[in-house]
file my_file_32.txt (compact mmCIF, C-alpha atoms)
# COMPACT_ATOMS: atom_id res chain seq x y z
CA MET A 214 0.00 0.00 0.00
CA ALA A 215 1.28 3.45 -0.87
CA THR A 216 1.29 6.08 1.81
CA ILE A 217 -0.23 9.50 1.22
CA THR A 218 3.16 11.10 1.79
CA ASN A 219 4.77 8.97 -0.91
CA PHE A 220 1.89 9.61 -3.26
CA ILE A 221 2.19 13.36 -2.88
CA ALA A 222 5.94 13.24 -3.40
CA LYS A 223 5.60 11.62 -6.80
CA PRO A 224 5.49 13.89 -9.87
CA PRO A 225 1.97 14.31 -11.23
CA SER A 226 1.03 11.79 -13.88
CA GLN A 227 -0.59 12.86 -17.13
CA ILE A 228 -4.38 12.81 -16.92
CA SER A 229 -5.87 11.09 -19.92
CA THR A 230 -9.23 9.70 -20.89
CA ILE A 231 -10.03 6.15 -19.91
CA SER A 232 -11.01 3.47 -22.42
CA LYS A 233 -12.54 0.94 -20.04
CA ILE A 234 -16.34 0.95 -20.10
CA TYR A 235 -18.24 0.36 -16.87
CA SER A 236 -21.48 -1.49 -17.47
CA ARG A 237 -23.34 -0.48 -14.32
CA THR A 238 -21.92 2.86 -13.27
CA TYR A 239 -20.94 5.77 -15.46
CA PRO A 240 -18.20 7.99 -14.10
CA CYS A 241 -17.40 11.05 -16.18
CA THR A 242 -13.83 11.86 -17.12
CA PHE A 243 -11.85 15.04 -16.64
CA LEU A 244 -11.27 15.47 -20.36
CA LEU A 245 -14.56 14.27 -21.81
CA PRO A 246 -17.61 16.48 -21.19
CA PHE A 247 -20.53 14.84 -19.42
CA THR A 248 -23.51 14.51 -21.77
CA LYS A 249 -26.85 14.84 -20.08
CA PRO A 250 -29.87 12.89 -21.34
CA LYS A 251 -32.55 14.74 -23.27
CA SER A 252 -34.68 16.76 -20.90
CA GLN A 253 -38.42 17.12 -20.62
CA ALA A 254 -38.17 20.89 -20.96
CA THR A 255 -40.54 23.18 -22.83
CA LYS A 256 -39.39 25.96 -25.12
CA LEU A 257 -39.82 29.35 -23.49
CA GLY A 258 -42.71 31.14 -25.20
CA THR A 259 -42.44 34.75 -26.21
CA ASN A 260 -46.06 35.61 -26.95
CA ARG A 261 -47.84 34.72 -23.71
CA ARG A 262 -49.62 37.62 -22.01
CA HIS A 263 -51.08 35.83 -19.01
CA LEU A 264 -49.14 34.76 -15.94
CA ILE A 265 -49.55 32.10 -13.29
CA THR A 266 -47.70 33.57 -10.34
CA LYS A 267 -47.91 30.41 -8.25
CA ALA A 268 -47.53 27.10 -10.01
CA THR A 269 -49.96 24.40 -8.90
CA ALA A 270 -49.11 20.91 -7.78
CA ALA A 271 -49.42 18.01 -10.18
CA PRO A 272 -52.21 15.47 -9.54
CA GLY A 273 -51.38 13.35 -6.52
CA THR A 274 -49.12 15.88 -4.81
CA LYS A 275 -50.16 17.63 -1.64
CA LYS A 276 -51.48 21.16 -1.81
CA LEU A 277 -49.00 23.80 -0.74
CA SER A 278 -50.26 26.34 1.75
CA SER A 279 -47.43 28.82 1.39
CA ASP A 280 -44.31 29.47 -0.68
CA GLU A 281 -43.04 32.49 1.24
CA ARG A 282 -39.39 31.36 1.10
CA VAL A 283 -39.37 31.34 -2.70
CA GLN A 284 -38.69 34.88 -3.88
CA GLN A 285 -40.16 35.83 -7.26
CA VAL A 286 -38.14 38.39 -9.19
CA SER A 287 -39.33 40.32 -12.21
CA SER A 288 -36.31 42.13 -13.66
CA ILE A 289 -32.56 41.97 -14.13
CA ASP A 290 -32.03 44.50 -11.32
CA GLU A 291 -34.13 42.48 -8.85
CA PHE A 292 -32.35 39.28 -9.88
CA ASP A 293 -28.85 40.73 -9.41
CA GLU A 294 -29.82 42.27 -6.08
CA ALA A 295 -31.18 38.91 -4.82
CA LEU A 296 -27.87 37.24 -5.72
CA ARG A 297 -25.91 40.00 -3.96
CA MET A 298 -28.02 39.71 -0.81
CA ALA A 299 -27.46 35.93 -0.68
CA LYS A 300 -23.68 36.50 -0.39
CA ASN A 301 -21.98 33.05 -0.25
CA LYS A 302 -25.18 31.04 0.23
CA LEU A 303 -26.32 28.66 -2.47
CA VAL A 304 -29.04 30.26 -4.62
CA VAL A 305 -31.39 28.00 -6.59
CA VAL A 306 -33.24 29.72 -9.43
CA GLU A 307 -36.11 28.17 -11.33
CA PHE A 308 -36.82 29.76 -14.69
CA ALA A 309 -40.42 28.83 -15.48
CA ALA A 310 -43.33 29.79 -17.74
CA SER A 311 -47.06 29.99 -17.15
CA HIS A 312 -47.87 27.61 -20.02
CA SER A 313 -45.35 24.94 -19.01
CA HIS A 314 -46.81 21.82 -17.38
CA GLN A 315 -43.33 20.71 -16.30
CA SER A 316 -42.75 24.07 -14.55
CA SER A 317 -46.00 23.64 -12.62
CA LYS A 318 -45.11 20.06 -11.76
CA ILE A 319 -41.64 20.73 -10.31
CA TYR A 320 -42.35 24.01 -8.52
CA PRO A 321 -44.10 22.50 -5.45
CA PHE A 322 -41.04 20.36 -4.78
CA MET A 323 -38.85 23.46 -4.82
CA VAL A 324 -41.22 25.06 -2.29
CA ASP A 325 -40.92 21.99 -0.04
CA LEU A 326 -37.11 22.19 -0.28
CA SER A 327 -37.19 25.89 0.63
CA ARG A 328 -38.89 25.03 3.93
CA THR A 329 -36.23 22.54 5.00
CA CYS A 330 -33.07 24.11 3.53
CA ASN A 331 -32.79 27.31 5.54
CA ASP A 332 -29.25 28.04 4.37
CA VAL A 333 -30.27 28.00 0.69
CA GLU A 334 -32.07 30.83 -1.12
CA PHE A 335 -34.73 30.01 -3.72
CA ILE A 336 -35.81 32.29 -6.57
CA LEU A 337 -38.56 31.97 -9.18
CA VAL A 338 -38.43 33.75 -12.55
CA MET A 339 -41.54 33.54 -14.74
CA GLY A 340 -39.99 33.99 -18.16
CA ASP A 341 -43.23 35.01 -19.87
CA GLU A 342 -44.30 37.52 -17.21
CA SER A 343 -43.09 40.64 -19.02
CA GLU A 344 -40.49 42.09 -21.34
CA LYS A 345 -38.21 42.55 -18.33
CA THR A 346 -38.26 38.86 -17.45
CA ARG A 347 -37.73 37.96 -21.11
CA GLU A 348 -34.66 40.20 -21.10
CA LEU A 349 -33.42 38.41 -17.96
CA CYS A 350 -33.91 34.99 -19.58
CA LYS A 351 -32.13 36.21 -22.70
CA ARG A 352 -29.16 37.42 -20.64
CA GLU A 353 -28.99 34.11 -18.77
CA LYS A 354 -29.39 32.21 -22.08
CA ILE A 355 -32.56 30.40 -21.00
CA GLU A 356 -34.33 28.82 -23.97
CA LYS A 357 -36.34 26.03 -22.34
CA VAL A 358 -38.17 25.70 -19.04
CA PRO A 359 -38.12 24.54 -16.35
CA HIS A 360 -34.47 25.51 -16.12
CA PHE A 361 -32.59 25.47 -12.82
CA SER A 362 -29.46 27.55 -12.28
CA PHE A 363 -27.32 27.36 -9.13
CA TYR A 364 -25.27 30.33 -7.93
CA LYS A 365 -22.75 31.03 -5.17
CA SER A 366 -21.21 34.46 -4.58
CA MET A 367 -23.00 35.67 -7.75
CA GLU A 368 -21.23 33.02 -9.83
CA LYS A 369 -23.19 30.37 -11.70
CA ILE A 370 -21.81 27.01 -10.60
CA HIS A 371 -24.28 24.59 -12.19
CA GLU A 372 -27.41 24.45 -14.35
CA GLU A 373 -29.88 21.85 -15.58
CA GLU A 374 -33.15 21.83 -17.46
CA GLY A 375 -36.16 19.53 -17.43
CA ILE A 376 -35.10 17.72 -14.25
CA GLY A 377 -37.33 15.85 -11.81
CA PRO A 378 -37.68 16.09 -8.01
CA ASP A 379 -34.95 13.53 -7.25
CA GLU A 380 -32.40 15.35 -9.41
CA LEU A 381 -33.38 18.69 -7.86
CA VAL A 382 -32.95 17.37 -4.31
CA GLY A 383 -29.61 15.81 -5.25
CA ASP A 384 -28.35 19.07 -6.73
CA VAL A 385 -29.37 21.09 -3.67
CA LEU A 386 -27.69 18.60 -1.32
CA TYR A 387 -24.51 18.50 -3.42
CA TYR A 388 -24.05 22.22 -3.99
CA GLY A 389 -25.56 23.48 -0.76
CA ASP A 390 -23.98 21.13 1.78
CA ASN A 391 -21.99 23.11 4.33
CA HIS A 392 -23.02 21.61 7.65
CA SER A 393 -23.06 17.82 7.32
CA ALA A 394 -20.64 15.25 8.70
CA VAL A 395 -18.88 15.21 5.31
CA VAL A 396 -15.72 17.31 5.68
CA GLN A 397 -15.28 19.79 2.82
CA LEU A 398 -11.66 19.90 1.59
CA HIS A 399 -10.38 22.89 -0.37
CA CYS A 400 -6.64 22.26 -0.73
CA ARG A 401 -3.82 19.74 -0.19
CA GLU A 402 -3.23 21.03 3.34
CA ASP A 403 -6.83 20.19 4.29
CA VAL A 404 -6.27 16.58 3.19
CA GLU A 405 -3.03 16.29 5.14
CA LYS A 406 -4.68 17.67 8.30
CA LEU A 407 -7.61 15.24 7.97
CA ILE A 408 -5.22 12.30 7.64
CA ALA A 409 -3.18 13.44 10.64
CA ASP A 410 -6.34 13.82 12.75
CA HIS A 411 -7.47 10.27 12.05
CA LYS A 412 -4.12 8.59 12.61
CA VAL A 413 -5.05 8.91 16.27
CA ASP A 414 -8.50 7.27 16.18
CA HIS A 415 -7.64 4.86 13.30
CA LYS A 416 -10.87 5.68 11.47
CA LEU A 417 -11.25 4.71 7.83
CA ILE A 418 -11.29 7.86 5.69
CA VAL A 419 -13.52 7.84 2.60
CA LEU A 420 -12.44 10.70 0.32
CA ASP A 421 -15.08 11.53 -2.32
CA VAL A 422 -13.33 13.14 -5.30
CA GLY A 423 -15.50 14.84 -7.92
CA LEU A 424 -16.15 17.83 -10.16
CA LYS A 425 -18.73 20.59 -9.77
CA HIS A 426 -20.49 19.78 -13.04
CA CYS A 427 -20.32 15.98 -12.86
CA GLY A 428 -23.77 14.34 -13.01
CA PRO A 429 -22.74 11.01 -11.41
CA CYS A 430 -20.97 12.90 -8.59
CA VAL A 431 -24.22 14.69 -7.79
CA LYS A 432 -26.21 11.47 -8.11
CA VAL A 433 -24.21 9.52 -5.51
CA TYR A 434 -23.78 12.36 -3.00
CA PRO A 435 -27.08 11.83 -1.09
CA THR A 436 -25.83 8.30 -0.37
CA VAL A 437 -22.53 9.72 0.91
CA LEU A 438 -24.45 12.07 3.21
CA LYS A 439 -26.62 9.23 4.54
CA LEU A 440 -23.62 6.98 5.17
CA SER A 441 -21.73 9.79 6.92
CA ARG A 442 -24.52 9.96 9.49
CA GLN A 443 -24.88 6.19 9.89
CA MET A 444 -21.13 5.49 10.18
CA VAL A 445 -20.06 8.57 12.11
CA ASP A 446 -18.36 6.50 14.84
CA THR A 447 -16.22 4.37 12.52
CA VAL A 448 -15.74 6.20 9.20
CA ALA A 449 -14.72 9.79 8.36
CA PHE A 450 -16.21 11.06 5.10
CA ALA A 451 -14.71 13.96 3.14
CA ARG A 452 -14.98 15.36 -0.34
CA MET A 453 -12.98 17.51 -2.73
CA ASN A 454 -14.02 19.04 -6.04
CA GLY A 455 -11.05 19.02 -8.37
CA ASP A 456 -12.23 22.07 -10.30
CA GLU A 457 -12.63 24.27 -7.21
CA ASN A 458 -9.12 25.68 -7.54
CA ASP A 459 -5.65 24.90 -8.91
CA SER A 460 -4.51 23.32 -5.64
CA CYS A 461 -7.34 20.78 -5.73
CA MET A 462 -6.75 19.91 -9.37
CA GLN A 463 -3.01 19.46 -8.81
CA PHE A 464 -3.65 17.23 -5.82
CA LEU A 465 -5.99 15.04 -7.91
CA LYS A 466 -3.31 14.73 -10.57
CA ASP A 467 -0.77 13.76 -7.92
CA MET A 468 -3.23 11.12 -6.68
CA ASN A 469 -3.57 9.82 -10.25
CA VAL A 470 -7.33 10.36 -10.28
CA ILE A 471 -8.43 9.84 -13.89
CA GLU A 472 -12.21 9.57 -13.53
CA VAL A 473 -14.82 10.97 -11.21
CA PRO A 474 -16.44 10.19 -8.94
CA THR A 475 -13.49 8.38 -7.35
CA PHE A 476 -13.58 7.28 -3.71
CA VAL A 477 -10.16 6.95 -2.09
CA PHE A 478 -9.96 4.82 1.07
CA ILE A 479 -7.30 5.81 3.61
CA ARG A 480 -6.44 4.29 6.97
CA ASP A 481 -3.55 5.17 9.30
CA GLY A 482 -2.08 7.47 6.66
CA GLU A 483 -2.04 4.80 3.93
CA ILE A 484 -4.13 4.50 0.80
CA CYS A 485 -5.69 1.06 1.08
CA GLY A 486 -7.91 1.16 -2.02
CA ARG A 487 -10.25 3.11 -4.24
CA TYR A 488 -13.60 2.75 -5.98
CA VAL A 489 -14.50 4.49 -9.24
CA GLY A 490 -18.19 4.96 -10.04
CA SER A 491 -21.55 6.10 -8.71
CA GLY A 492 -23.15 2.77 -7.84
CA LYS A 493 -24.67 3.07 -4.37
CA GLY A 494 -24.58 -0.64 -3.57
CA GLU A 495 -21.05 -1.05 -4.85
CA LEU A 496 -19.85 1.94 -2.81
CA ILE A 497 -21.39 0.60 0.39
CA GLY A 498 -19.85 -2.81 -0.28
CA GLU A 499 -16.40 -1.32 -0.79
CA ILE A 500 -16.62 0.74 2.42
CA LEU A 501 -17.63 -2.34 4.41
CA ARG A 502 -14.80 -4.34 2.83
CA TYR A 503 -12.17 -1.77 3.81
CA GLN A 504 -13.65 -1.71 7.30
CA GLY A 505 -12.92 -5.41 7.51
CA VAL A 506 -16.53 -6.54 7.21
CA ARG A 507 -16.89 -9.68 5.11
CA VAL A 508 -19.31 -9.01 2.25
CA THR A 509 -20.90 -12.05 0.60
call {"tool": "encode", "arguments": {"input": "my_file_32.txt", "output": "C-alpha cells"}}
result
Amino acid sequence: MATITNFIAKPPSQISTISKIYSRTYPCTFLLPFTKPKSQATKLGTNRRHLITKATAAPGTKKLSSDERVQQVSSIDEFDEALRMAKNKLVVVEFAASHSHQSSKIYPFMVDLSRTCNDVEFILVMGDESEKTRELCKREKIEKVPHFSFYKSMEKIHEEEGIGPDELVGDVLYYGDNHSAVVQLHCREDVEKLIADHKVDHKLIVLDVGLKHCGPCVKVYPTVLKLSRQMVDTVAFARMNGDENDSCMQFLKDMNVIEVPTFVFIRDGEICGRYVGSGKGELIGEILRYQGVRVT
C-alpha cells in the first residue's frame, strides 16, 4: 500500500481519458464532457400575455399552503440584487413559464425544499411575465423551461433543465452542503490535516473526489451524506471538487485520479484502495470491505 506522503511526493502523472467501459456505473472523465440525457423541458414562449404567479401541484401531490421562502423576481435589477443579498449562500433559481406543465409540476417540490433548507435561497423567474423577465432569460441564455441555475457568490456554478424532483434534491444537497458530517476539503493542506487527525483514532477515511459539473458525482452524494450519518463512529467522510481551484486539481493529478467520482480509502495514513463509479450498492460494499466486514 502506498502512503499519502509517498503519493504526494511523486510527480503528477498525465491525466488522460479512460477506455474501459463500466457497465453499471458511469463515471465522467476530466477530459470528456458529461452529456446529459434529453430533458423534458418546454421551449420558453415569447407571446404569452397571461401569468400564473404560483404554479400548482401536479395530480397526486399535496397542496402547498405557502411558498413564502421562494422569492419571485421580475427584472434583471431584482435578480442581481437577490444574488448579492445571498452572499456566499447557495441560490437555486427556477426559470419557469405559465404555459409549461413541467414548470408547474416541479415548482411544489422546490417550495418543499425551501422550507427545510434554511441556508439555501430560492428564486422563481416567470420567463413570460413581461419584457423585463424575457430580457433576464435572454441574458442568462434560457431557452427552455423549467431551467434550474445554481449560484454562489453571484457566480453560476451549475445548471440543468427539465429535471425531476430527485435530481433537484440531489443538486441542492450537493451544492448546498456546508453543515453535514462530510468534511469539505479545499486544498492539499486540508487533506493532510484530515489524515493526521485520524491517525489517532484509526478511522477509515472515505475521500469523495469529484467535479462541480459531474452528473454522477451529484447522483451519488445523497448516499454519501446518509452513510456519513450512519457510520459517524467508525468512518470519516470527506470530499474535494477538483475544479474548485488549482490546488485541488493538482492534488488530484498527484493522486492519479483519472475519472470521477473516485472514492479513495485511507487508513492510518495509507491508501488502502479506491472505488470508481456512482453505484450506491457497490460503494457501500467497498466501504464495508475496507472496514474489515466480510461481504458475501
call {"tool": "closest_atom_pairs", "arguments": {"input": "my_file_32.txt", "of": "range 357-419 of chain A", "to": "range 305-315 of chain A", "cutoff": "10 Å", "atoms": "all atoms listed in the file", "output": "CSV"}}
result
residue,atom,partner,partner_atom,distance
A:Lys357,CA,A:Ala309,CA,8.5
A:Val358,CA,A:Ala309,CA,5.2
A:Pro359,CA,A:Ala309,CA,4.9
A:His360,CA,A:Phe308,CA,5.1
A:Phe361,CA,A:Glu307,CA,4.7
A:Ser362,CA,A:Val306,CA,5.2
A:Phe363,CA,A:Val305,CA,4.8
A:Tyr364,CA,A:Val305,CA,6.7
A:Lys365,CA,A:Val305,CA,9.3
A:Lys369,CA,A:Val305,CA,9.9
A:His371,CA,A:Val305,CA,9.7
A:Glu372,CA,A:Val306,CA,9.3
A:Glu373,CA,A:Glu307,CA,9.8
A:Glu374,CA,A:Phe308,CA,9.2
A:Gly375,CA,A:Gln315,CA,7.4
A:Ile376,CA,A:Gln315,CA,9.0
A:Gly377,CA,A:Gln315,CA,8.9
A:Leu381,CA,A:Val305,CA,9.6
A:Asp384,CA,A:Val305,CA,9.4
A:Val385,CA,A:Val305,CA,7.8
A:Tyr388,CA,A:Val305,CA,9.7
A:Gly389,CA,A:Val305,CA,9.4
call {"tool": "write_last_selection", "arguments": {"input": "my_file_32.txt", "atoms": "C-alpha atoms", "output": "mmCIF file, in the coordinates of the input"}}
result
data_model
loop_
_atom_site.group_PDB
_atom_site.id
_atom_site.type_symbol
_atom_site.label_atom_id
_atom_site.label_comp_id
_atom_site.auth_asym_id
_atom_site.auth_seq_id
_atom_site.Cartn_x
_atom_site.Cartn_y
_atom_site.Cartn_z
ATOM 1 C CA LYS A 357 -36.340 26.030 -22.340
ATOM 2 C CA VAL A 358 -38.170 25.700 -19.040
ATOM 3 C CA PRO A 359 -38.120 24.540 -16.350
ATOM 4 C CA HIS A 360 -34.470 25.510 -16.120
ATOM 5 C CA PHE A 361 -32.590 25.470 -12.820
ATOM 6 C CA SER A 362 -29.460 27.550 -12.280
ATOM 7 C CA PHE A 363 -27.320 27.360 -9.130
ATOM 8 C CA TYR A 364 -25.270 30.330 -7.930
ATOM 9 C CA LYS A 365 -22.750 31.030 -5.170
ATOM 10 C CA LYS A 369 -23.190 30.370 -11.700
ATOM 11 C CA HIS A 371 -24.280 24.590 -12.190
ATOM 12 C CA GLU A 372 -27.410 24.450 -14.350
ATOM 13 C CA GLU A 373 -29.880 21.850 -15.580
ATOM 14 C CA GLU A 374 -33.150 21.830 -17.460
ATOM 15 C CA GLY A 375 -36.160 19.530 -17.430
ATOM 16 C CA ILE A 376 -35.100 17.720 -14.250
ATOM 17 C CA GLY A 377 -37.330 15.850 -11.810
ATOM 18 C CA LEU A 381 -33.380 18.690 -7.860
ATOM 19 C CA ASP A 384 -28.350 19.070 -6.730
ATOM 20 C CA VAL A 385 -29.370 21.090 -3.670
ATOM 21 C CA TYR A 388 -24.050 22.220 -3.990
ATOM 22 C CA GLY A 389 -25.560 23.480 -0.760
#
call {"tool": "closest_residue", "arguments": {"input": "my_file_32.txt", "among": "A:Leu501, A:Asp332, A:Lys406, A:Cys461", "to": "Leu303 in chain A", "atoms": "only C-alpha atoms"}}
result
A:Asp332
call {"tool": "residues_around", "arguments": {"input": "my_file_32.txt", "residues": "Leu424 in chain A", "least_positions_apart": "2", "cutoff": "7 Å", "atoms": "only C-alpha atoms", "output": "ChimeraX atom specification"}}
result
/A:426-427,454-456
call {"tool": "residues_around", "arguments": {"input": "my_file_32.txt", "residues": "Glu334 in chain A", "least_positions_apart": "4", "cutoff": "8 Å", "atoms": "only C-alpha atoms", "output": "list in words"}}
result
Arg282, Val283, Ala299, Lys302, Leu303, Val304, Val305 and Ser327 of chain A
call {"tool": "atom_distance", "arguments": {"input": "my_file_32.txt", "atom1": "CA of Phe476 in chain A", "atom2": "CA of Asp421 in chain A"}}
result
4.7 Å
call {"tool": "residues_around", "arguments": {"input": "my_file_32.txt", "residues": "Val437 in chain A", "least_positions_apart": "6", "cutoff": "12 Å", "atoms": "all atoms listed in the file", "output": "JSON, numbers by chain"}}
result
{"A": [383, 386, 387, 390, 393, 394, 395, 396, 419, 420, 421, 422, 430, 431, 443, 444, 445, 448, 449, 450, 451, 452, 474, 476, 491, 492, 493, 494, 496, 497, 500]}
call {"tool": "atom_distance", "arguments": {"input": "my_file_32.txt", "atom1": "CA of Val324 in chain A", "atom2": "CA of Leu440 in chain A"}}
result
26.3 Å
call {"tool": "closest_residue", "arguments": {"input": "my_file_32.txt", "among": "A:Met462, A:Ile479, A:Leu398, A:Ile289", "to": "Thr346 in chain A", "atoms": "only C-alpha atoms"}}
result
A:Ile289
call {"tool": "residues_near_point", "arguments": {"input": "my_file_32.txt", "point": "(-9.0, 7.2, 11.2)", "cutoff": "10 Å", "atoms": "all atoms listed in the file", "output": "MDAnalysis selection string"}}
result
chainID A and resid 407:419 447:449 479:482
call {"tool": "atom_distance", "arguments": {"input": "my_file_32.txt", "atom1": "CA of Glu457 in chain A", "atom2": "CA of Ser441 in chain A"}}
result
22.2 Å
call {"tool": "residues_around", "arguments": {"input": "my_file_32.txt", "residues": "Arg401 in chain A", "least_positions_apart": "2", "cutoff": "7 Å", "atoms": "all atoms listed in the file", "output": "list in words"}}
result
Asp403, Val404, Glu405, Ser460, Cys461 and Phe464 of chain A
call {"tool": "axis_aligned_box", "arguments": {"input": "my_file_32.txt", "around": "range 407-422 of chain A", "padding_each_side": "6 Å", "output": "lines of an AutoDock Vina configuration file"}}
result
center_x = -9.1
center_y = 10.0
center_z = 5.5
size_x = 23.9
size_y = 22.5
size_z = 33.6
call {"tool": "closest_residue", "arguments": {"input": "my_file_32.txt", "among": "A:Gln504, A:Glu344, A:Pro378, A:Val286", "to": "Ser316 in chain A", "atoms": "only C-alpha atoms"}}
result
A:Pro378
call {"tool": "residues_around", "arguments": {"input": "my_file_32.txt", "residues": "Glu294 in chain A", "least_positions_apart": "5", "cutoff": "12 Å", "atoms": "only C-alpha atoms", "output": "number ranges by chain"}}
result
A: 284, 286-289, 299-300, 336, 366-367
call {"tool": "closest_residue", "arguments": {"input": "my_file_32.txt", "among": "A:Asn469, A:Gln463, A:Thr436, A:Asn458", "to": "Glu495 in chain A", "atoms": "all atoms listed in the file"}}
result
A:Thr436
call {"tool": "closest_residue", "arguments": {"input": "my_file_32.txt", "among": "A:Glu368, A:Asp290, A:Arg502, A:Val473", "to": "Cys485 in chain A", "atoms": "all atoms listed in the file"}}
result
A:Arg502
call {"tool": "decode", "arguments": {"input": "my_file_32.txt", "residues": "range 390-398 of chain A", "atoms": "all heavy atoms", "output": "mmCIF file, in the first residue's frame"}}
result
data_model
loop_
_atom_site.group_PDB
_atom_site.id
_atom_site.type_symbol
_atom_site.label_atom_id
_atom_site.label_comp_id
_atom_site.auth_asym_id
_atom_site.auth_seq_id
_atom_site.Cartn_x
_atom_site.Cartn_y
_atom_site.Cartn_z
ATOM 1 N N ASP A 390 -24.396 21.787 0.539
ATOM 2 C CA ASP A 390 -23.982 21.134 1.784
ATOM 3 C C ASP A 390 -22.800 21.863 2.417
ATOM 4 O O ASP A 390 -21.708 21.879 1.874
ATOM 5 C CB ASP A 390 -23.618 19.673 1.517
ATOM 6 C CG ASP A 390 -23.109 18.985 2.774
ATOM 7 O OD1 ASP A 390 -23.590 19.337 3.860
ATOM 8 O OD2 ASP A 390 -22.238 18.116 2.670
ATOM 9 N N ASN A 391 -23.055 22.455 3.581
ATOM 10 C CA ASN A 391 -21.985 23.112 4.330
ATOM 11 C C ASN A 391 -21.918 22.654 5.780
ATOM 12 O O ASN A 391 -20.988 23.014 6.496
ATOM 13 C CB ASN A 391 -22.182 24.640 4.311
ATOM 14 C CG ASN A 391 -22.021 25.229 2.929
ATOM 15 O OD1 ASN A 391 -21.074 24.922 2.222
ATOM 16 N ND2 ASN A 391 -22.967 26.063 2.525
ATOM 17 N N HIS A 392 -22.900 21.883 6.225
ATOM 18 C CA HIS A 392 -23.021 21.608 7.648
ATOM 19 C C HIS A 392 -23.099 20.118 7.990
ATOM 20 O O HIS A 392 -23.343 19.766 9.127
ATOM 21 C CB HIS A 392 -24.264 22.312 8.210
ATOM 22 C CG HIS A 392 -24.331 23.766 7.883
ATOM 23 N ND1 HIS A 392 -23.441 24.680 8.398
ATOM 24 C CD2 HIS A 392 -25.152 24.462 7.074
ATOM 25 C CE1 HIS A 392 -23.725 25.884 7.932
ATOM 26 N NE2 HIS A 392 -24.760 25.784 7.125
ATOM 27 N N SER A 393 -22.916 19.246 7.040
ATOM 28 C CA SER A 393 -23.063 17.817 7.323
ATOM 29 C C SER A 393 -21.777 17.250 7.914
ATOM 30 O O SER A 393 -20.784 17.953 8.109
ATOM 31 C CB SER A 393 -23.419 17.057 6.043
ATOM 32 O OG SER A 393 -22.271 16.924 5.219
ATOM 33 N N ALA A 394 -21.821 15.940 8.168
ATOM 34 C CA ALA A 394 -20.640 15.254 8.701
ATOM 35 C C ALA A 394 -19.568 15.037 7.635
ATOM 36 O O ALA A 394 -18.474 14.576 7.953
ATOM 37 C CB ALA A 394 -21.051 13.913 9.300
ATOM 38 N N VAL A 395 -19.871 15.345 6.380
ATOM 39 C CA VAL A 395 -18.882 15.213 5.307
ATOM 40 C C VAL A 395 -17.967 16.441 5.337
ATOM 41 O O VAL A 395 -18.413 17.569 5.139
ATOM 42 C CB VAL A 395 -19.562 15.092 3.932
ATOM 43 C CG1 VAL A 395 -18.502 14.939 2.836
ATOM 44 C CG2 VAL A 395 -20.528 13.915 3.906
ATOM 45 N N VAL A 396 -16.682 16.207 5.572
ATOM 46 C CA VAL A 396 -15.720 17.311 5.675
ATOM 47 C C VAL A 396 -15.422 17.854 4.283
ATOM 48 O O VAL A 396 -15.097 17.093 3.361
ATOM 49 C CB VAL A 396 -14.414 16.833 6.344
ATOM 50 C CG1 VAL A 396 -13.424 17.989 6.465
ATOM 51 C CG2 VAL A 396 -14.710 16.240 7.715
ATOM 52 N N GLN A 397 -15.537 19.160 4.114
ATOM 53 C CA GLN A 397 -15.275 19.788 2.821
ATOM 54 C C GLN A 397 -13.790 20.177 2.744
ATOM 55 O O GLN A 397 -13.297 20.931 3.580
ATOM 56 C CB GLN A 397 -16.147 21.030 2.653
ATOM 57 C CG GLN A 397 -17.619 20.819 2.973
ATOM 58 C CD GLN A 397 -18.297 19.841 2.040
ATOM 59 O OE1 GLN A 397 -18.107 19.888 0.828
ATOM 60 N NE2 GLN A 397 -19.115 18.947 2.590
ATOM 61 N N LEU A 398 -13.101 19.651 1.750
ATOM 62 C CA LEU A 398 -11.664 19.895 1.594
ATOM 63 C C LEU A 398 -11.427 20.853 0.429
ATOM 64 O O LEU A 398 -11.988 20.663 -0.654
ATOM 65 C CB LEU A 398 -10.928 18.576 1.340
ATOM 66 C CG LEU A 398 -11.157 17.469 2.383
ATOM 67 C CD1 LEU A 398 -10.456 16.199 1.961
ATOM 68 C CD2 LEU A 398 -10.685 17.919 3.759
#
